[in-house]
Amino acid sequence: GKFGMSRIMLLRAMNDHPNVPALHNNMGVIYLSENKQKQAIGSFRKAMEIEPNYPFASVNLGTIYLEFRDYKKAADTLGVGYEATKSDLRRGSGRAIEIANNFAVALSGAGDLDRSKEVFQKILKNDEQNAHTLYNYAVLLVARMRNKKEGEKIIARLKFLGEGSMQKRIDELEKMLPGS
């Protein structure tokens, strides 16, 4: 919670080591904590300029793009983090699942529906009861792909999990099924 002190230390380190992407990424995290989103974006971009495949900055920046529904930029940026965490995804890492889920949502929003479906399936292969992933996958199947058969299966799995906090959204999604 000592953002001022952290900023001072990072600025000193960045002065001595301007080409270390972790320093710029960490500065971006501090800016986010202070609700300075423009500066955070600048810091994450700088980290990725230095190292285009730097996964931490790509995930941070991609998540901001996703939040603002800039799906193409989010998919391009989150793809770096997804590639870097694929092996963690196979081990069921919560952080890797979160990154993959965000990447799949971004792909869907950008119109790359088949690839989005593929990523959701990879997540569910390792964590078949992840309610947020199941819900997002159901949205892809029902609202974007208009796939009634597969959509019904995923909605049934969601209902079985008994996610009460999502029940209203699940009911709304079920009404969107073709022929409902």
# chains A, B, ... in the order shown; residues from 1 in each chain; ligands from 1

$ select_by_dssp --residues "chain A" --states "alpha helix (DSSP H)" --output "PyMOL selection string"
chain A and resi 3-16+21-33+37-50+55-67+71-90+94-109+113-126+131-139+148-161+167-175

$ residues_around --residues "segment 25-37 of chain A" --least-positions-apart "2" --cutoff "9 Å" --atoms "only C-alpha atoms" --output "count of residues only"
24

$ closest_residue --among "A:Ala100, A:Ala75, A:Leu177, A:Ala13" --to "Lys149 of chain A" --atoms "only C-alpha atoms"
A:Leu177

$ closest_residue --among "A:Gly179, A:Gly162, A:Gly109, A:Gly79" --to "Gln129 of chain A" --atoms "only C-alpha atoms"
A:Gly162

$ residues_around --residues "Asn126 of chain A" --least-positions-apart "4" --cutoff "8 Å" --atoms "only C-alpha atoms" --output "list in words"
Leu89, Arg90, Arg91, Gly92 and Lys122 of chain A

$ atom_distance --atom1 "atom CA of Gly151 of chain A" --atom2 "atom CA of Ala138 of chain A"
5.5 Å

$ atom_distance --atom1 "atom CA of Asp76 of chain A" --atom2 "atom CA of Ile97 of chain A"
17.4 Å

$ atom_distance --atom1 "atom CA of Phe103 of chain A" --atom2 "atom CA of Asn19 of chain A"
27.1 Å

$ residues_around --residues "Val59 of chain A" --least-positions-apart "4" --cutoff "9 Å" --atoms "only C-alpha atoms" --output "PyMOL selection string"
chain A and resi 54-55+63-64+74+77-82+99

$ write_last_selection --atoms "N, CA and C atoms" --output "PDB file, in the first residue's frame"
ATOM      1  N   TYR A  54       6.814 -10.396 -23.452  1.00  0.00           N
ATOM      2  CA  TYR A  54       6.819 -10.340 -21.987  1.00  0.00           C
ATOM      3  C   TYR A  54       5.405 -10.642 -21.488  1.00  0.00           C
ATOM      4  N   PRO A  55       5.193 -11.819 -20.904  1.00  0.00           N
ATOM      5  CA  PRO A  55       3.824 -12.264 -20.610  1.00  0.00           C
ATOM      6  C   PRO A  55       3.089 -11.443 -19.554  1.00  0.00           C
ATOM      7  N   THR A  63      -5.872  -7.347 -20.505  1.00  0.00           N
ATOM      8  CA  THR A  63      -7.042  -7.322 -19.626  1.00  0.00           C
ATOM      9  C   THR A  63      -7.694  -5.943 -19.630  1.00  0.00           C
ATOM     10  N   ILE A  64      -6.892  -4.903 -19.713  1.00  0.00           N
ATOM     11  CA  ILE A  64      -7.448  -3.543 -19.820  1.00  0.00           C
ATOM     12  C   ILE A  64      -8.202  -3.396 -21.141  1.00  0.00           C
ATOM     13  N   ALA A  74      -7.210  -6.804 -27.446  1.00  0.00           N
ATOM     14  CA  ALA A  74      -7.145  -7.711 -26.294  1.00  0.00           C
ATOM     15  C   ALA A  74      -6.680  -9.090 -26.728  1.00  0.00           C
ATOM     16  N   THR A  77      -2.957  -9.061 -27.695  1.00  0.00           N
ATOM     17  CA  THR A  77      -2.082  -8.878 -26.536  1.00  0.00           C
ATOM     18  C   THR A  77      -2.151 -10.061 -25.585  1.00  0.00           C
ATOM     19  N   LEU A  78      -3.363 -10.538 -25.286  1.00  0.00           N
ATOM     20  CA  LEU A  78      -3.511 -11.678 -24.370  1.00  0.00           C
ATOM     21  C   LEU A  78      -2.941 -12.966 -24.959  1.00  0.00           C
ATOM     22  N   GLY A  79      -2.859 -13.030 -26.278  1.00  0.00           N
ATOM     23  CA  GLY A  79      -2.282 -14.215 -26.922  1.00  0.00           C
ATOM     24  C   GLY A  79      -0.863 -14.488 -26.463  1.00  0.00           C
ATOM     25  N   VAL A  80      -0.117 -13.431 -26.191  1.00  0.00           N
ATOM     26  CA  VAL A  80       1.262 -13.586 -25.704  1.00  0.00           C
ATOM     27  C   VAL A  80       1.253 -14.274 -24.333  1.00  0.00           C
ATOM     28  N   GLY A  81       0.400 -13.791 -23.449  1.00  0.00           N
ATOM     29  CA  GLY A  81       0.301 -14.389 -22.114  1.00  0.00           C
ATOM     30  C   GLY A  81      -0.225 -15.812 -22.168  1.00  0.00           C
ATOM     31  N   TYR A  82      -1.176 -16.048 -23.062  1.00  0.00           N
ATOM     32  CA  TYR A  82      -1.739 -17.403 -23.209  1.00  0.00           C
ATOM     33  C   TYR A  82      -0.650 -18.381 -23.654  1.00  0.00           C
ATOM     34  N   ILE A  99      -6.167 -16.376 -17.506  1.00  0.00           N
ATOM     35  CA  ILE A  99      -5.593 -15.782 -18.716  1.00  0.00           C
ATOM     36  C   ILE A  99      -6.231 -16.402 -19.954  1.00  0.00           C
TER      37      ILE A  99
END

$ residues_around --residues "Tyr135 of chain A" --least-positions-apart "2" --cutoff "8 Å" --atoms "only C-alpha atoms" --output "list in words"
Ala131, His132, Thr133, Tyr137, Ala138, Val139, Ile154, Ile155, Leu158 and Ile170 of chain A

$ write_last_selection --atoms "N, CA, C and O atoms" --output "PDB file, in the first residue's frame"
ATOM      1  N   ALA A 131     -17.022 -22.523 -13.279  1.00  0.00           N
ATOM      2  CA  ALA A 131     -18.302 -21.928 -13.641  1.00  0.00           C
ATOM      3  C   ALA A 131     -18.150 -20.723 -14.565  1.00  0.00           C
ATOM      4  O   ALA A 131     -18.942 -20.553 -15.500  1.00  0.00           O
ATOM      5  N   HIS A 132     -17.158 -19.880 -14.332  1.00  0.00           N
ATOM      6  CA  HIS A 132     -16.984 -18.696 -15.175  1.00  0.00           C
ATOM      7  C   HIS A 132     -16.614 -19.096 -16.596  1.00  0.00           C
ATOM      8  O   HIS A 132     -17.134 -18.532 -17.564  1.00  0.00           O
ATOM      9  N   THR A 133     -15.741 -20.069 -16.725  1.00  0.00           N
ATOM     10  CA  THR A 133     -15.371 -20.547 -18.055  1.00  0.00           C
ATOM     11  C   THR A 133     -16.564 -21.207 -18.736  1.00  0.00           C
ATOM     12  O   THR A 133     -16.829 -20.965 -19.913  1.00  0.00           O
ATOM     13  N   TYR A 137     -18.193 -19.928 -22.145  1.00  0.00           N
ATOM     14  CA  TYR A 137     -18.266 -20.888 -23.254  1.00  0.00           C
ATOM     15  C   TYR A 137     -19.718 -21.013 -23.729  1.00  0.00           C
ATOM     16  O   TYR A 137     -19.988 -21.046 -24.933  1.00  0.00           O
ATOM     17  N   ALA A 138     -20.654 -21.047 -22.798  1.00  0.00           N
ATOM     18  CA  ALA A 138     -22.078 -21.116 -23.161  1.00  0.00           C
ATOM     19  C   ALA A 138     -22.487 -19.879 -23.951  1.00  0.00           C
ATOM     20  O   ALA A 138     -23.240 -19.974 -24.930  1.00  0.00           O
ATOM     21  N   VAL A 139     -22.000 -18.710 -23.552  1.00  0.00           N
ATOM     22  CA  VAL A 139     -22.296 -17.479 -24.297  1.00  0.00           C
ATOM     23  C   VAL A 139     -21.775 -17.610 -25.724  1.00  0.00           C
ATOM     24  O   VAL A 139     -22.481 -17.264 -26.688  1.00  0.00           O
ATOM     25  N   ILE A 154     -23.812 -27.362 -22.159  1.00  0.00           N
ATOM     26  CA  ILE A 154     -23.018 -26.522 -21.256  1.00  0.00           C
ATOM     27  C   ILE A 154     -23.928 -25.855 -20.225  1.00  0.00           C
ATOM     28  O   ILE A 154     -23.587 -25.774 -19.038  1.00  0.00           O
ATOM     29  N   ILE A 155     -25.091 -25.396 -20.640  1.00  0.00           N
ATOM     30  CA  ILE A 155     -26.034 -24.795 -19.696  1.00  0.00           C
ATOM     31  C   ILE A 155     -26.466 -25.821 -18.655  1.00  0.00           C
ATOM     32  O   ILE A 155     -26.555 -25.503 -17.457  1.00  0.00           O
ATOM     33  N   LEU A 158     -23.779 -26.105 -16.130  1.00  0.00           N
ATOM     34  CA  LEU A 158     -23.805 -24.941 -15.244  1.00  0.00           C
ATOM     35  C   LEU A 158     -24.887 -25.086 -14.187  1.00  0.00           C
ATOM     36  O   LEU A 158     -24.668 -24.805 -13.010  1.00  0.00           O
ATOM     37  N   ILE A 170     -27.760 -17.293 -16.381  1.00  0.00           N
ATOM     38  CA  ILE A 170     -27.937 -18.598 -17.029  1.00  0.00           C
ATOM     39  C   ILE A 170     -29.339 -18.701 -17.620  1.00  0.00           C
ATOM     40  O   ILE A 170     -29.508 -19.156 -18.760  1.00  0.00           O
TER      41      ILE A 170
END

$ residues_around --residues "Asn136 of chain A" --least-positions-apart "6" --cutoff "9 Å" --atoms "only C-alpha atoms" --output "PyMOL selection string"
chain A and resi 101+104-105+120

$ residues_around --residues "Ala106 of chain A" --least-positions-apart "4" --cutoff "9 Å" --atoms "only C-alpha atoms" --output "mmCIF file with all heavy atoms, in the first residue's frame"
data_model
loop_
_atom_site.group_PDB
_atom_site.id
_atom_site.type_symbol
_atom_site.label_atom_id
_atom_site.label_comp_id
_atom_site.auth_asym_id
_atom_site.auth_seq_id
_atom_site.Cartn_x
_atom_site.Cartn_y
_atom_site.Cartn_z
ATOM 1 N N GLY A 62 -3.630 -6.571 -21.955
ATOM 2 C CA GLY A 62 -4.741 -7.243 -22.632
ATOM 3 C C GLY A 62 -6.010 -7.232 -21.808
ATOM 4 O O GLY A 62 -7.121 -7.097 -22.344
ATOM 5 N N TYR A 65 -7.598 -3.860 -22.234
ATOM 6 C CA TYR A 65 -8.276 -3.792 -23.530
ATOM 7 C C TYR A 65 -9.603 -4.556 -23.480
ATOM 8 O O TYR A 65 -10.610 -4.100 -24.017
ATOM 9 C CB TYR A 65 -7.409 -4.364 -24.641
ATOM 10 C CG TYR A 65 -6.204 -3.539 -25.017
ATOM 11 C CD1 TYR A 65 -5.030 -4.157 -25.434
ATOM 12 C CD2 TYR A 65 -6.220 -2.146 -24.985
ATOM 13 C CE1 TYR A 65 -3.916 -3.421 -25.807
ATOM 14 C CE2 TYR A 65 -5.108 -1.397 -25.346
ATOM 15 C CZ TYR A 65 -3.965 -2.049 -25.766
ATOM 16 O OH TYR A 65 -2.865 -1.315 -26.130
ATOM 17 N N LEU A 66 -9.589 -5.714 -22.843
ATOM 18 C CA LEU A 66 -10.808 -6.522 -22.734
ATOM 19 C C LEU A 66 -11.875 -5.784 -21.937
ATOM 20 O O LEU A 66 -13.049 -5.773 -22.307
ATOM 21 C CB LEU A 66 -10.482 -7.870 -22.084
ATOM 22 C CG LEU A 66 -11.611 -8.891 -22.026
ATOM 23 C CD1 LEU A 66 -12.121 -9.240 -23.414
ATOM 24 C CD2 LEU A 66 -11.120 -10.154 -21.315
ATOM 25 N N ARG A 69 -13.614 -3.501 -24.016
ATOM 26 C CA ARG A 69 -14.220 -4.197 -25.165
ATOM 27 C C ARG A 69 -13.508 -3.919 -26.486
ATOM 28 O O ARG A 69 -14.137 -3.893 -27.549
ATOM 29 C CB ARG A 69 -15.704 -3.878 -25.268
ATOM 30 C CG ARG A 69 -16.498 -4.456 -24.126
ATOM 31 C CD ARG A 69 -17.984 -4.208 -24.300
ATOM 32 N NE ARG A 69 -18.773 -4.980 -23.360
ATOM 33 C CZ ARG A 69 -19.094 -4.590 -22.140
ATOM 34 N NH1 ARG A 69 -18.680 -3.425 -21.703
ATOM 35 N NH2 ARG A 69 -19.827 -5.349 -21.350
ATOM 36 N N ASP A 70 -12.200 -3.695 -26.413
ATOM 37 C CA ASP A 70 -11.397 -3.593 -27.628
ATOM 38 C C ASP A 70 -10.859 -5.007 -27.874
ATOM 39 O O ASP A 70 -9.716 -5.334 -27.551
ATOM 40 C CB ASP A 70 -10.272 -2.577 -27.452
ATOM 41 C CG ASP A 70 -9.559 -2.266 -28.752
ATOM 42 O OD1 ASP A 70 -9.659 -3.075 -29.709
ATOM 43 O OD2 ASP A 70 -8.900 -1.218 -28.828
ATOM 44 N N TYR A 71 -11.742 -5.848 -28.411
ATOM 45 C CA TYR A 71 -11.475 -7.287 -28.474
ATOM 46 C C TYR A 71 -10.287 -7.658 -29.357
ATOM 47 O O TYR A 71 -9.540 -8.574 -29.029
ATOM 48 C CB TYR A 71 -12.734 -8.032 -28.937
ATOM 49 C CG TYR A 71 -13.873 -7.882 -27.970
ATOM 50 C CD1 TYR A 71 -15.025 -7.196 -28.325
ATOM 51 C CD2 TYR A 71 -13.806 -8.417 -26.691
ATOM 52 C CE1 TYR A 71 -16.080 -7.046 -27.428
ATOM 53 C CE2 TYR A 71 -14.848 -8.272 -25.789
ATOM 54 C CZ TYR A 71 -15.979 -7.587 -26.166
ATOM 55 O OH TYR A 71 -17.005 -7.449 -25.280
ATOM 56 N N LYS A 72 -10.110 -6.958 -30.456
ATOM 57 C CA LYS A 72 -8.992 -7.277 -31.352
ATOM 58 C C LYS A 72 -7.660 -7.034 -30.642
ATOM 59 O O LYS A 72 -6.784 -7.899 -30.629
ATOM 60 C CB LYS A 72 -9.100 -6.435 -32.629
ATOM 61 C CG LYS A 72 -7.935 -6.584 -33.578
ATOM 62 C CD LYS A 72 -7.925 -7.918 -34.282
ATOM 63 C CE LYS A 72 -6.847 -7.949 -35.353
ATOM 64 N NZ LYS A 72 -5.774 -8.859 -35.081
ATOM 65 N N LYS A 73 -7.512 -5.853 -30.036
ATOM 66 C CA LYS A 73 -6.272 -5.564 -29.308
ATOM 67 C C LYS A 73 -6.106 -6.512 -28.127
ATOM 68 O O LYS A 73 -5.004 -6.969 -27.832
ATOM 69 C CB LYS A 73 -6.258 -4.115 -28.799
ATOM 70 C CG LYS A 73 -5.923 -3.093 -29.835
ATOM 71 C CD LYS A 73 -5.842 -1.707 -29.197
ATOM 72 C CE LYS A 73 -5.554 -0.636 -30.202
ATOM 73 N NZ LYS A 73 -5.533 0.700 -29.573
ATOM 74 N N ALA A 74 -7.210 -6.804 -27.446
ATOM 75 C CA ALA A 74 -7.145 -7.711 -26.294
ATOM 76 C C ALA A 74 -6.680 -9.090 -26.728
ATOM 77 O O ALA A 74 -5.815 -9.698 -26.080
ATOM 78 C CB ALA A 74 -8.508 -7.796 -25.607
ATOM 79 N N ALA A 75 -7.241 -9.600 -27.825
ATOM 80 C CA ALA A 75 -6.863 -10.937 -28.300
ATOM 81 C C ALA A 75 -5.395 -10.969 -28.710
ATOM 82 O O ALA A 75 -4.657 -11.900 -28.347
ATOM 83 C CB ALA A 75 -7.756 -11.364 -29.460
ATOM 84 N N ASP A 76 -4.964 -9.950 -29.446
ATOM 85 C CA ASP A 76 -3.560 -9.907 -29.880
ATOM 86 C C ASP A 76 -2.614 -9.865 -28.682
ATOM 87 O O ASP A 76 -1.598 -10.549 -28.653
ATOM 88 C CB ASP A 76 -3.309 -8.686 -30.771
ATOM 89 C CG ASP A 76 -4.000 -8.787 -32.120
ATOM 90 O OD1 ASP A 76 -4.422 -9.903 -32.502
ATOM 91 O OD2 ASP A 76 -4.139 -7.739 -32.794
ATOM 92 N N LEU A 78 -3.363 -10.538 -25.286
ATOM 93 C CA LEU A 78 -3.511 -11.678 -24.370
ATOM 94 C C LEU A 78 -2.941 -12.966 -24.959
ATOM 95 O O LEU A 78 -2.571 -13.875 -24.217
ATOM 96 C CB LEU A 78 -4.981 -11.886 -24.005
ATOM 97 C CG LEU A 78 -5.555 -10.879 -23.016
ATOM 98 C CD1 LEU A 78 -7.076 -10.947 -23.002
ATOM 99 C CD2 LEU A 78 -4.994 -11.124 -21.628
ATOM 100 N N ASN A 101 -9.124 -17.914 -20.194
ATOM 101 C CA ASN A 101 -10.529 -17.511 -20.258
ATOM 102 C C ASN A 101 -10.660 -16.113 -20.871
ATOM 103 O O ASN A 101 -11.475 -15.891 -21.767
ATOM 104 C CB ASN A 101 -11.148 -17.561 -18.861
ATOM 105 C CG ASN A 101 -12.629 -17.271 -18.884
ATOM 106 O OD1 ASN A 101 -13.403 -18.005 -19.488
ATOM 107 N ND2 ASN A 101 -13.032 -16.200 -18.224
ATOM 108 N N ASN A 102 -9.845 -15.172 -20.406
ATOM 109 C CA ASN A 102 -9.869 -13.815 -20.965
ATOM 110 C C ASN A 102 -9.501 -13.828 -22.449
ATOM 111 O O ASN A 102 -10.104 -13.114 -23.256
ATOM 112 C CB ASN A 102 -8.933 -12.888 -20.198
ATOM 113 C CG ASN A 102 -9.485 -12.473 -18.858
ATOM 114 O OD1 ASN A 102 -10.638 -12.726 -18.531
ATOM 115 N ND2 ASN A 102 -8.652 -11.836 -18.049
ATOM 116 N N ALA A 110 -13.653 -10.674 -30.954
ATOM 117 C CA ALA A 110 -12.975 -10.274 -32.185
ATOM 118 C C ALA A 110 -13.484 -11.065 -33.398
ATOM 119 O O ALA A 110 -13.069 -10.800 -34.524
ATOM 120 C CB ALA A 110 -11.464 -10.456 -32.034
ATOM 121 N N GLY A 111 -14.367 -12.037 -33.153
ATOM 122 C CA GLY A 111 -14.949 -12.802 -34.252
ATOM 123 C C GLY A 111 -14.241 -14.090 -34.596
ATOM 124 O O GLY A 111 -14.636 -14.779 -35.530
ATOM 125 N N ASP A 112 -13.201 -14.446 -33.863
ATOM 126 C CA ASP A 112 -12.479 -15.699 -34.112
ATOM 127 C C ASP A 112 -13.124 -16.799 -33.271
ATOM 128 O O ASP A 112 -12.564 -17.281 -32.282
ATOM 129 C CB ASP A 112 -10.999 -15.533 -33.769
ATOM 130 C CG ASP A 112 -10.122 -16.642 -34.318
ATOM 131 O OD1 ASP A 112 -10.678 -17.691 -34.718
ATOM 132 O OD2 ASP A 112 -8.891 -16.474 -34.330
ATOM 133 N N SER A 116 -11.710 -19.405 -30.338
ATOM 134 C CA SER A 116 -12.238 -19.183 -29.000
ATOM 135 C C SER A 116 -12.772 -20.493 -28.428
ATOM 136 O O SER A 116 -12.479 -20.848 -27.283
ATOM 137 C CB SER A 116 -13.354 -18.135 -29.053
ATOM 138 O OG SER A 116 -13.955 -17.971 -27.795
#

$ decode --residues "segment 68-91 of chain A" --atoms "N, CA, C and O atoms" --output "compact mmCIF listing (two decimals), in the first residue's frame"
# COMPACT_ATOMS: atom_id res chain seq x y z
N PHE A 68 -12.37 -2.71 -21.79
CA PHE A 68 -12.93 -1.66 -22.62
C PHE A 68 -13.50 -2.19 -23.94
O PHE A 68 -13.83 -1.43 -24.84
N ARG A 69 -13.61 -3.50 -24.02
CA ARG A 69 -14.22 -4.20 -25.17
C ARG A 69 -13.51 -3.92 -26.49
O ARG A 69 -14.14 -3.89 -27.55
N ASP A 70 -12.20 -3.70 -26.41
CA ASP A 70 -11.40 -3.59 -27.63
C ASP A 70 -10.86 -5.01 -27.87
O ASP A 70 -9.72 -5.33 -27.55
N TYR A 71 -11.74 -5.85 -28.41
CA TYR A 71 -11.48 -7.29 -28.47
C TYR A 71 -10.29 -7.66 -29.36
O TYR A 71 -9.54 -8.57 -29.03
N LYS A 72 -10.11 -6.96 -30.46
CA LYS A 72 -8.99 -7.28 -31.35
C LYS A 72 -7.66 -7.03 -30.64
O LYS A 72 -6.78 -7.90 -30.63
N LYS A 73 -7.51 -5.85 -30.04
CA LYS A 73 -6.27 -5.56 -29.31
C LYS A 73 -6.11 -6.51 -28.13
O LYS A 73 -5.00 -6.97 -27.83
N ALA A 74 -7.21 -6.80 -27.45
CA ALA A 74 -7.15 -7.71 -26.29
C ALA A 74 -6.68 -9.09 -26.73
O ALA A 74 -5.82 -9.70 -26.08
N ALA A 75 -7.24 -9.60 -27.83
CA ALA A 75 -6.86 -10.94 -28.30
C ALA A 75 -5.39 -10.97 -28.71
O ALA A 75 -4.66 -11.90 -28.35
N ASP A 76 -4.96 -9.95 -29.45
CA ASP A 76 -3.56 -9.91 -29.88
C ASP A 76 -2.61 -9.86 -28.68
O ASP A 76 -1.60 -10.55 -28.65
N THR A 77 -2.96 -9.06 -27.69
CA THR A 77 -2.08 -8.88 -26.54
C THR A 77 -2.15 -10.06 -25.58
O THR A 77 -1.12 -10.56 -25.12
N LEU A 78 -3.36 -10.54 -25.29
CA LEU A 78 -3.51 -11.68 -24.37
C LEU A 78 -2.94 -12.97 -24.96
O LEU A 78 -2.57 -13.88 -24.22
N GLY A 79 -2.86 -13.03 -26.28
CA GLY A 79 -2.28 -14.21 -26.92
C GLY A 79 -0.86 -14.49 -26.46
O GLY A 79 -0.45 -15.65 -26.32
N VAL A 80 -0.12 -13.43 -26.19
CA VAL A 80 1.26 -13.59 -25.70
C VAL A 80 1.25 -14.27 -24.33
O VAL A 80 1.99 -15.23 -24.09
N GLY A 81 0.40 -13.79 -23.45
CA GLY A 81 0.30 -14.39 -22.11
C GLY A 81 -0.22 -15.81 -22.17
O GLY A 81 0.23 -16.68 -21.42
N TYR A 82 -1.18 -16.05 -23.06
CA TYR A 82 -1.74 -17.40 -23.21
C TYR A 82 -0.65 -18.38 -23.65
O TYR A 82 -0.52 -19.47 -23.08
N GLU A 83 0.12 -18.01 -24.65
CA GLU A 83 1.19 -18.89 -25.13
C GLU A 83 2.21 -19.17 -24.04
O GLU A 83 2.71 -20.28 -23.92
N ALA A 84 2.49 -18.15 -23.23
CA ALA A 84 3.49 -18.31 -22.16
C ALA A 84 2.99 -19.19 -21.02
O ALA A 84 3.80 -19.74 -20.27
N THR A 85 1.67 -19.34 -20.88
CA THR A 85 1.13 -20.09 -19.74
C THR A 85 0.45 -21.39 -20.14
O THR A 85 -0.20 -22.02 -19.30
N LYS A 86 0.60 -21.81 -21.38
CA LYS A 86 -0.05 -23.05 -21.84
C LYS A 86 0.29 -24.26 -20.98
O LYS A 86 -0.59 -25.04 -20.64
N SER A 87 1.55 -24.39 -20.62
CA SER A 87 1.93 -25.56 -19.81
C SER A 87 1.32 -25.47 -18.42
O SER A 87 0.94 -26.49 -17.83
N ASP A 88 1.20 -24.26 -17.89
CA ASP A 88 0.54 -24.08 -16.59
C ASP A 88 -0.95 -24.40 -16.69
O ASP A 88 -1.54 -24.90 -15.74
N LEU A 89 -1.54 -24.11 -17.83
CA LEU A 89 -2.95 -24.42 -18.05
C LEU A 89 -3.18 -25.93 -17.97
O LEU A 89 -4.13 -26.38 -17.35
N ARG A 90 -2.28 -26.68 -18.56
CA ARG A 90 -2.40 -28.15 -18.52
C ARG A 90 -2.29 -28.69 -17.10
O ARG A 90 -2.82 -29.75 -16.79
N ARG A 91 -1.62 -27.94 -16.23
CA ARG A 91 -1.49 -28.35 -14.83
C ARG A 91 -2.63 -27.81 -13.96
O ARG A 91 -2.65 -28.04 -12.75
